[in-house]
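I have placed the structure first, in the form of structure tokens, so that the comments after it can refer back to it.
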Protein chains: 4
Amino acid sequence: MNNMKKSFASDNWSGACPEIMEALQDVNKGHMAAYGEENEAATAAAVQKFKEYFGPDATTFFVYNGTAANVLATGHLLRPYQAIVSAHSAHMNEDECGAPEKITGSKILGIETEDGKIKPEQVRPFLNSIGFQHHSQPKVISISQVTEKGTVYTPEEVKALADFAHENNMYLHMDGARISNAAVSLNLDFRKFTTDAGVDVLSFGGTKNGMMFGEAVVFLNPSLAVDFEYSRKQSMQLHSKMRFIAAQFERYLTEGLWKKNAGHANEMAQLLEQKLSGLGITITRKVQANGVFAIIPKNLIPEIQKVYSFHIWDETTSEVRLMCSWDTTAEDIDGFADALKKFL
Amino acid sequence: MNNMKKSFASDNWSGACPEIMEALQDVNKGHMAAYGEENEAATAAAVQKFKEYFGPDATTFFVYNGTAANVLATGHLLRPYQAIVSAHSAHMNEDECGAPEKITGSKILGIETEDGKIKPEQVRPFLNSIGFQHHSQPKVISISQVTEKGTVYTPEEVKALADFAHENNMYLHMDGARISNAAVSLNLDFRKFTTDAGVDVLSFGGTKNGMMFGEAVVFLNPSLAVDFEYSRKQSMQLHSKMRFIAAQFERYLTEGLWKKNAGHANEMAQLLEQKLSGLGITITRKVQANGVFAIIPKNLIPEIQKVYSFHIWDETTSEVRLMCSWDTTAEDIDGFADALKKFL
Amino acid sequence: MNNMKKSFASDNWSGACPEIMEALQDVNKGHMAAYGEENEAATAAAVQKFKEYFGPDATTFFVYNGTAANVLATGHLLRPYQAIVSAHSAHMNEDECGAPEKITGSKILGIETEDGKIKPEQVRPFLNSIGFQHHSQPKVISISQVTEKGTVYTPEEVKALADFAHENNMYLHMDGARISNAAVSLNLDFRKFTTDAGVDVLSFGGTKNGMMFGEAVVFLNPSLAVDFEYSRKQSMQLHSKMRFIAAQFERYLTEGLWKKNAGHANEMAQLLEQKLSGLGITITRKVQANGVFAIIPKNLIPEIQKVYSFHIWDETTSEVRLMCSWDTTAEDIDGFADALKKFL
Amino acid sequence: MNNMKKSFASDNWSGACPEIMEALQDVNKGHMAAYGEENEAATAAAVQKFKEYFGPDATTFFVYNGTAANVLATGHLLRPYQAIVSAHSAHMNEDECGAPEKITGSKILGIETEDGKIKPEQVRPFLNSIGFQHHSQPKVISISQVTEKGTVYTPEEVKALADFAHENNMYLHMDGARISNAAVSLNLDFRKFTTDAGVDVLSFGGTKNGMMFGEAVVFLNPSLAVDFEYSRKQSMQLHSKMRFIAAQFERYLTEGLWKKNAGHANEMAQLLEQKLSGLGITITRKVQANGVFAIIPKNLIPEIQKVYSFHIWDETTSEVRLMCSWDTTAEDIDGFADALKKFL
């Protein structure tokens with residue numbers, strides 16, 4: 001570990017940014033009601049902040065992490081005989097060790113995609129199951145913004161899915177683990193591709209973009225939020241010293257901290273793409289946010305991994321994933337490109 | 001809120017102590033592997049620290065909170081047709097909104113107690129169910145140290161339960177949300193009333209004693225730890241930036257921070273007991289840790305609650321619970337006693 | 001087994017009565033749609049029969065057994081963070097190996113009772129939990145008619161609980177495993193102490209009273225039945241050859257078969273009570289249906305159990321439970337009384 | 001319904017065969033211990049019968065239906081963070097309304113197949129997840145014999161999967177809803193392609209082949225059977241009047257009843273295939289058991305469905321599934337062929 005350079009393995013290998021550390025320090029004063037109860041001030045302020053961004057109906061609850069935000073946000077809308085429809089590559093389908101199935105009891109119906117994005121016509125075949133008692137009943141469509149393949153839904157694409165969902169008595173959930181990177185990429189306010197596009201419930205993440213811990217479940221359709229506090233508590237996601245999650249989000253949503261961090265990470269990804277292209281490396285997917293997918297010759301991978309961490313995305317094609325973070329520097333990228341150059 | 005004095009409502013109304021804030025700052029340097037994977041240094045160090053205290057076999061996993069530690073520590077030992085036996089007053093039975101039942105599928109068999117402590121002879125009747133397919137099969141005994149009624153098990157009492165459990169093919173779990181207060185109260189190393197007394201798995205908490213977030217599941221019987229990482233992930237309790245939980249625990253277990261904080265809280269409870277007794281207030285339970293239970297005349301309660309927060313424990317008897325914290329001061333206690341005196 | 005006389009162990013030690021066997025034979029003709037689908041005639045007729053007894057709104061689904069009827073009938077009304085309130089002695093709390101907890105994820109809040117019946121004032125304390133996120137939220141009251149202690153609720157008692165439930169935004173479920181014995185005991189139509197008394201959903205059993213298998217979930221509040229077919233299928237309770245459950249119920253509810261069988265069993269219990277009283281045996285509970293509870297001297301029990309099966313209800317008091325069935329005869333009772341007399 | 005001819009919709013549209021009705025009548029005598037307890041004779045005899053067929057280690061439990069047999073047989077071998085690998089077309093993946101996910105908490109990893117059969121090399125990619133805490137851990141391979149696409153595994157194919165499973169610390173489950181049809185098709189004793197081929201646990205069905213209700217879970221690896229009675233009870237699958245399931249199986253496995261019925265159904269499928277081929281109808285899959293898959297011109301389907309029931313397997317290709325049963329006659333098949341001819 002000691003000789004390792006900065007990592008491109010994941011944006012959660014980075015630490016917390018200075019402003020977040022400061023917010024934690026600032027809120028650490030005296031006694032405050034536990035669990036965000038009794039109108040505790042830090043939590044109330046953070047909840048209010050989400051209303052500023054997502055509209056006055058946005059109803060926000062804090063949980064510990066993205067796994068929980070995704071599972072609880074969808075599970076609260078579901079009975080166990082109802083199903084979630086998502087891309088097969090969705091984090092909630094592939095990378096949660098079966099958490100949605102265990103916690104909600106529901107089935108996930110996966111859709112194979114090229115770019116991680118799903119379209120209404122890919123969901124449509126599942127509607128045939130509706131009313132047939134032998135099949136799980138599709139009820140929630142879940143999309144990731146940014147997707148696990150580095151792509152970003154346009155507001156129109158989101159709206160098409162939301163409209164489709166609502167026409168068919170379903171809901172639309174967005175996994176926003178990297179929602180800030182998406183907003184920067186689209187150069188749009190969050191609201192344009194969430195509330196205004198018809199998203200019902202959102203997992204809003206900050207840990208991959210400079211926070212220390214905590215995730216927000218934001219009900220944009222507030223009627224769905226009823227009783228969510230019990231789902232949260234029973235699913236072991238109610239933090240006692242709630243102010244410490246709340247204060248991070250409050251700060252994250254102030255003076256564009258989210259935008260500064262995500263903007264920087266996205267920019268670094270662009271730079272990385274350029275450098276790699278310049279070396280003749282094939283970039284396999286559009287670079288729309290803070291991840292770069294590229295083909296690195298199989299024999300070089302172990303060599304480079306001795307100095308830089310990153311994930312192999314597809315063993316068979318030798319495709320790797322390189323994630324940039326709020327603290328990735330141009331020097332880090334130069335270093336990586338230089339190392340690569342040396343081996344090529 | 002603004003005019004409120006320091007709270008006696010719960011020890012989790014306090015913030016994080018300065019040393020913990022410092023530890024968070026210190027570990028916030030550069031990139032580290034997420035999830036504690038790849039032998040990430042801060043996590044490895046904290047895990048090692050638990051071995052120092054609990055013996056070389058202690059196998060430790062970090063989760064987000066006490067609810068999760070209790071549910072996962074017991075649930076990992078159980079199939080859903082097996083039951084947990086605990087005091088009826090146990091936090092896991094009464095105050096988790098049914099989390100154990102939902103997450104483990106198991107039943108909790110409650111025992112009525114005077115002082116929050118259970119004895120082997122109270123567990124014995126449940127053994128009649130063993131082998132009878134119509135009944136949940138008792139498999140784990142769970143005790144709280146400190147109990148929810150402010151009392152502390154002696155090592156001999158713990159050992160009697162552990163021996164009973166093992167003789168009957170069961171396990172002993174300890175909910176150590178306030179284990180530091182218990183250790184100070186007993187004036188004993190943790191090990192004496194856990195590992196050495198036969199506890200199989202422990203929930204080790206620090207949030208009520210100056211930490212910000214995080215709880216440890218410590219398997220003292222390491223054979224029970226196999227595959228626990230999957231239970232943790234599937235139950236939404238795997239933190240990505242693990243170093244931030246680990247560093248808190250590493251610091252908490254260094255140079256007696258846990259002891260300093262808990263010792264202070266316990267001392268303040270003693271002082272509070274004296275002051276209240278001096279005012280003629282009836283103290284209803286032995287003060288063994290950082291909680292004081294007392295009868296406050298019913299009509300005074302709303303008045304005092306305007307300036308000091310605390311919980312009414314039993315409406316019918318007008319018994320209240322007053323919790324002291326790592327940051328409670330002698331002045332806070334004087335202030336409370338003075339306020340009470342004024343109203344009496 | 002071979003030398004055993006007829007059993008008083010349970011009413012499900014008896015076989016199926018001749019009329020039920022005949023119904024099974026009658027419906028066993030040619031092909032019929034599986035799962036009761038496509039308006040399959042036998043199922044449609046049985047469902048209709050329930051409407052005759054319970055009113056035009058009664059919406060009925062067939063499952064395999066009483067465990068399932070109770071768990072699914074209540075579970076369909078609950079989210080996992082909501083709780084069932086029942087007598088501690090309720091079958092669903094004590095004798096289902098934790099099925100409600102596993103399948104619904106909900107907690108059962110037990111009430112200690114003398115006679116197996118609960119009253120609104122015993123449920124009231126649980127209302128304190130409503131709105132408090134740390135506690136399971138009471139949502140369904142479940143009562144057994146006949147109770148596990150052999151007693152029968154009057155329509156007024158049922159209505160008081162139903163009114164209480166509805167006033168507090170809760171539902172009332174009745175476990176009618178022995179509902180026919182209750183109806184005979186009360187000398188009332190089913191409807192008087194179910195639909196008319198405000199019961200929301202009913203488990204209607206016949207297996208203890210001469211059927212072979214199958215149980216009915218009858219929604220008297222039909223709005224609660226929405227989507228129940230999916231709960232049933234997902235909980236593994238949808239029979240393919242549905243006609244064979246349906247035909248039994250159709251026959252059971254025709255020409256008073258239910259009444260003949262239950263009436264006989266109840267009568268036999270009265271006779272047994274007389275005989276035992278005549279021998280100076282203490283009868284411990286009111287004999288209101290087909291069960292007799294009595295004190296039999298501890299040393300005699302093993303002797304008599306060599307020839308007659310029955311359950312020891314309470315080891316400490318030497319109380320036993322003697323169940324009469326649709327096929328218990330006066331000779332069986334004489335035989336039992338004679339055997340007892342011999343040993344006394 | 002009244003004008004409908006015999007159905008080709010499913011083999012569970014048929015009733016119970018005469019021998020089964022007789023067995024039910026025969027066992028319906030006097031009292032027998034409930035739940036198969038106390039060594040109740042009919043249950044003991046049926047359990048013994050399975051040992052005759054599957055070897056002395058075969059450990060058998062009766063449940064209500066195939067859904068339950070599959071879910072409990074696999075679920076008992078799994079912790080929720082472990083996964084089932086099966087063909088995507090497997091009944092347990094597609095047609096149980098999500099029962100495996102809800103009841104076991106486990107994920108199903110589906111494999112796309114042409115003919116419903118899976119091969120070790122198709123399972124192998126899932127092994128990459130082993131040891132990676134973010135992924136469900138593959139633990140049980142489940143195959144259907146006969147498959148949902150009408151094909152039959154050879155003993156060698158089963159053995160290859162069993163060996164692969166055991167080499168990788170996994171288990172092999174067989175869904176034998178139509179196992180008798182497979183045995184007849186292979187012209188082999190059950191044992192050759194189950195116990196001897198390394199199957200660990202088997203769902204043995206009879207309802208599609210002339211029984212009324214009930215399914216057997218047969219542990220061929222008896223060490224896996226430990227505590228299964230609690231899984232069964234907690235999952236609502238313990239029948240009180242157990243003798244009525246047991247007696248059916250005892251009779252079913254006597255004097256070749258299973259073989260007579262399945263042999264007949266398979267033969268009828270062969271006849272149907274011939275008749276359809278003779279009419280120029282394309283048969284789409286090998287007819288190895290009692291199902292025939294064929295292309296029927298789209299416009300004719302509604303016409304024929306007015307007189308004969310059957311399922312449309314694939315709307316897009318106009319492929320239909322025609323199932324033969326123990327009571328399908330040559331006249332039924334002639335009738336169907338004639339009807340078809342008329343429309344062609």
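Here's how to read the names in the structure tokens: chain A, B, ... by the order shown, residue numbers from 1 in each chain, ligand numbers from 1 in the order shown.
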Chain D residues near chain C within 6 Å, closest pair each, using only C-alpha atoms, as a tab-separated table:
residue	atom	partner	partner_atom	distance
D:Lys6	CA	C:His31	CA	5.9
D:Trp13	CA	C:His31	CA	5.1
D:Ser14	CA	C:His31	CA	4.6
D:Gly15	CA	C:Asn28	CA	5.4
D:Asn28	CA	C:Gly15	CA	5.4
D:His31	CA	C:Ser14	CA	4.6
D:Met32	CA	C:Trp13	CA	5.2
D:Ala33	CA	C:Trp13	CA	5.3
D:Ala34	CA	C:Trp13	CA	5.1
D:Thr67	CA	C:Met236	CA	5.6
D:Ala68	CA	C:Met236	CA	5.4
D:Cys97	CA	C:Gln234	CA	5.1
D:Gly98	CA	C:Gln234	CA	5.9
D:Ala99	CA	C:Gln234	CA	4.3
D:Gln234	CA	C:Ala99	CA	4.3
D:Met236	CA	C:Ala68	CA	5.4
Could you go through range 67-101 of chain D and tell me which residues DSSP, when run on the backbone, assigns to strand (DSSP E), listing them as a tab-separated table (two decimals) with all heavy atoms, in the first residue's frame?
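Now in result_38.tsv:
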chain	number	residue	atom	x	y	z
D	82	GLN	N	-26.43	-16.26	0.02
D	82	GLN	CA	-26.04	-17.25	-0.98
D	82	GLN	C	-27.11	-17.35	-2.05
D	82	GLN	O	-28.29	-17.08	-1.80
D	82	GLN	CB	-25.80	-18.60	-0.30
D	82	GLN	CG	-24.65	-18.54	0.69
D	82	GLN	CD	-24.49	-19.80	1.52
D	82	GLN	OE1	-25.46	-20.45	1.86
D	82	GLN	NE2	-23.25	-20.12	1.85
D	83	ALA	N	-26.70	-17.75	-3.25
D	83	ALA	CA	-27.60	-17.69	-4.40
D	83	ALA	C	-27.88	-19.07	-4.98
D	83	ALA	O	-27.12	-20.01	-4.79
D	83	ALA	CB	-26.98	-16.80	-5.48
D	84	ILE	N	-28.97	-19.14	-5.68
D	84	ILE	CA	-29.37	-20.30	-6.47
D	84	ILE	C	-29.01	-20.01	-7.92
D	84	ILE	O	-29.32	-18.93	-8.43
D	84	ILE	CB	-30.90	-20.52	-6.36
D	84	ILE	CG1	-31.30	-20.78	-4.90
D	84	ILE	CG2	-31.35	-21.65	-7.28
D	84	ILE	CD1	-32.80	-20.62	-4.64
D	85	VAL	N	-28.41	-20.96	-8.59
D	85	VAL	CA	-28.15	-20.85	-10.03
D	85	VAL	C	-29.10	-21.80	-10.74
D	85	VAL	O	-29.17	-22.99	-10.39
D	85	VAL	CB	-26.69	-21.21	-10.37
D	85	VAL	CG1	-26.43	-21.04	-11.86
D	85	VAL	CG2	-25.72	-20.38	-9.55
D	86	SER	N	-29.85	-21.30	-11.70
D	86	SER	CA	-30.79	-22.16	-12.43
D	86	SER	C	-30.95	-21.65	-13.85
D	86	SER	O	-30.49	-20.56	-14.18
D	86	SER	CB	-32.16	-22.16	-11.74
D	86	SER	OG	-32.85	-20.96	-12.03
D	87	ALA	N	-31.59	-22.46	-14.68
D	87	ALA	CA	-31.99	-21.96	-15.99
D	87	ALA	C	-32.93	-20.77	-15.78
D	87	ALA	O	-33.72	-20.77	-14.84
D	87	ALA	CB	-32.70	-23.05	-16.78
DSSP on the backbone: what in range 83-299 of chain B comes out alpha helix (DSSP H), as a VMD selection string?
chain B and resid 91 to 94 99 to 104 120 to 123 155 to 167 179 to 186 228 to 234 243 to 252 257 to 278
Applying 8 Å and only C-alpha atoms, which residues near Val47 in chain C remain after dropping the ones on its own chain fewer than 2 positions away? List them as a PyMOL selection string.
chain C and resi 43-45+49-51+59-61+246
Taking N, CA and C atoms for each residue, export the selection above as a PDB file, in the first residue's frame.
ATOM      1  N   THR C  43     -64.526 -24.076  -7.545  1.00  0.00           N
ATOM      2  CA  THR C  43     -64.008 -22.974  -6.747  1.00  0.00           C
ATOM      3  C   THR C  43     -65.011 -21.825  -6.706  1.00  0.00           C
ATOM      4  N   ALA C  44     -65.561 -21.525  -7.844  1.00  0.00           N
ATOM      5  CA  ALA C  44     -66.553 -20.446  -7.891  1.00  0.00           C
ATOM      6  C   ALA C  44     -67.733 -20.756  -6.966  1.00  0.00           C
ATOM      7  N   ALA C  45     -68.162 -22.004  -6.944  1.00  0.00           N
ATOM      8  CA  ALA C  45     -69.303 -22.373  -6.105  1.00  0.00           C
ATOM      9  C   ALA C  45     -68.966 -22.236  -4.623  1.00  0.00           C
ATOM     10  N   LYS C  49     -70.564 -19.809  -1.801  1.00  0.00           N
ATOM     11  CA  LYS C  49     -71.126 -20.338  -0.552  1.00  0.00           C
ATOM     12  C   LYS C  49     -70.733 -19.464   0.636  1.00  0.00           C
ATOM     13  N   PHE C  50     -69.497 -19.000   0.618  1.00  0.00           N
ATOM     14  CA  PHE C  50     -69.060 -18.124   1.707  1.00  0.00           C
ATOM     15  C   PHE C  50     -69.842 -16.813   1.711  1.00  0.00           C
ATOM     16  N   LYS C  51     -70.215 -16.366   0.533  1.00  0.00           N
ATOM     17  CA  LYS C  51     -71.020 -15.138   0.456  1.00  0.00           C
ATOM     18  C   LYS C  51     -72.385 -15.367   1.112  1.00  0.00           C
ATOM     19  N   THR C  59     -65.044 -12.017   0.513  1.00  0.00           N
ATOM     20  CA  THR C  59     -64.136 -12.348  -0.586  1.00  0.00           C
ATOM     21  C   THR C  59     -63.187 -13.424  -0.073  1.00  0.00           C
ATOM     22  N   THR C  60     -63.273 -14.584  -0.707  1.00  0.00           N
ATOM     23  CA  THR C  60     -62.664 -15.779  -0.120  1.00  0.00           C
ATOM     24  C   THR C  60     -61.555 -16.357  -0.993  1.00  0.00           C
ATOM     25  N   PHE C  61     -60.495 -16.763  -0.333  1.00  0.00           N
ATOM     26  CA  PHE C  61     -59.355 -17.423  -0.987  1.00  0.00           C
ATOM     27  C   PHE C  61     -59.020 -18.690  -0.205  1.00  0.00           C
ATOM     28  N   ALA C 246     -61.846 -26.602  -2.706  1.00  0.00           N
ATOM     29  CA  ALA C 246     -63.128 -25.912  -2.878  1.00  0.00           C
ATOM     30  C   ALA C 246     -64.306 -26.849  -2.619  1.00  0.00           C
TER      31      ALA C 246
END
Considering only C-alpha atoms, can you say which of D:Cys324, D:Ile301, D:Ala73, D:Ile333 comes closest to Asn209 in chain D?
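Of all the options, D:Cys324 lies closest to Asn209 in chain D.
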For CA of Asp332 in chain C and CA of Leu271 in chain C, determine how far apart the two atoms are, in Å to one decimal place.
10.7 Å
Need the shell around Phe204 in chain D: protein/DNA/RNA residues with any atom at most 7 Å away, counting only C-alpha atoms. Skip same-chain ones fewer than 4 positions apart. Format as a list in words?
Gly176, Ala177, Ile179, Glu215, Ala216, Val217 and Val218 of chain D
Please identify all polymer residues within 8 Å of Phe193 in chain B, counting only C-alpha atoms, omitting same-chain residues fewer than 6 positions from it, and present them as a list of chain:residue names.
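Near neighbours after the sequence-gap exclusion: B:Thr154, B:Pro155, B:Glu156, B:Val158, B:Lys159, B:Val199.
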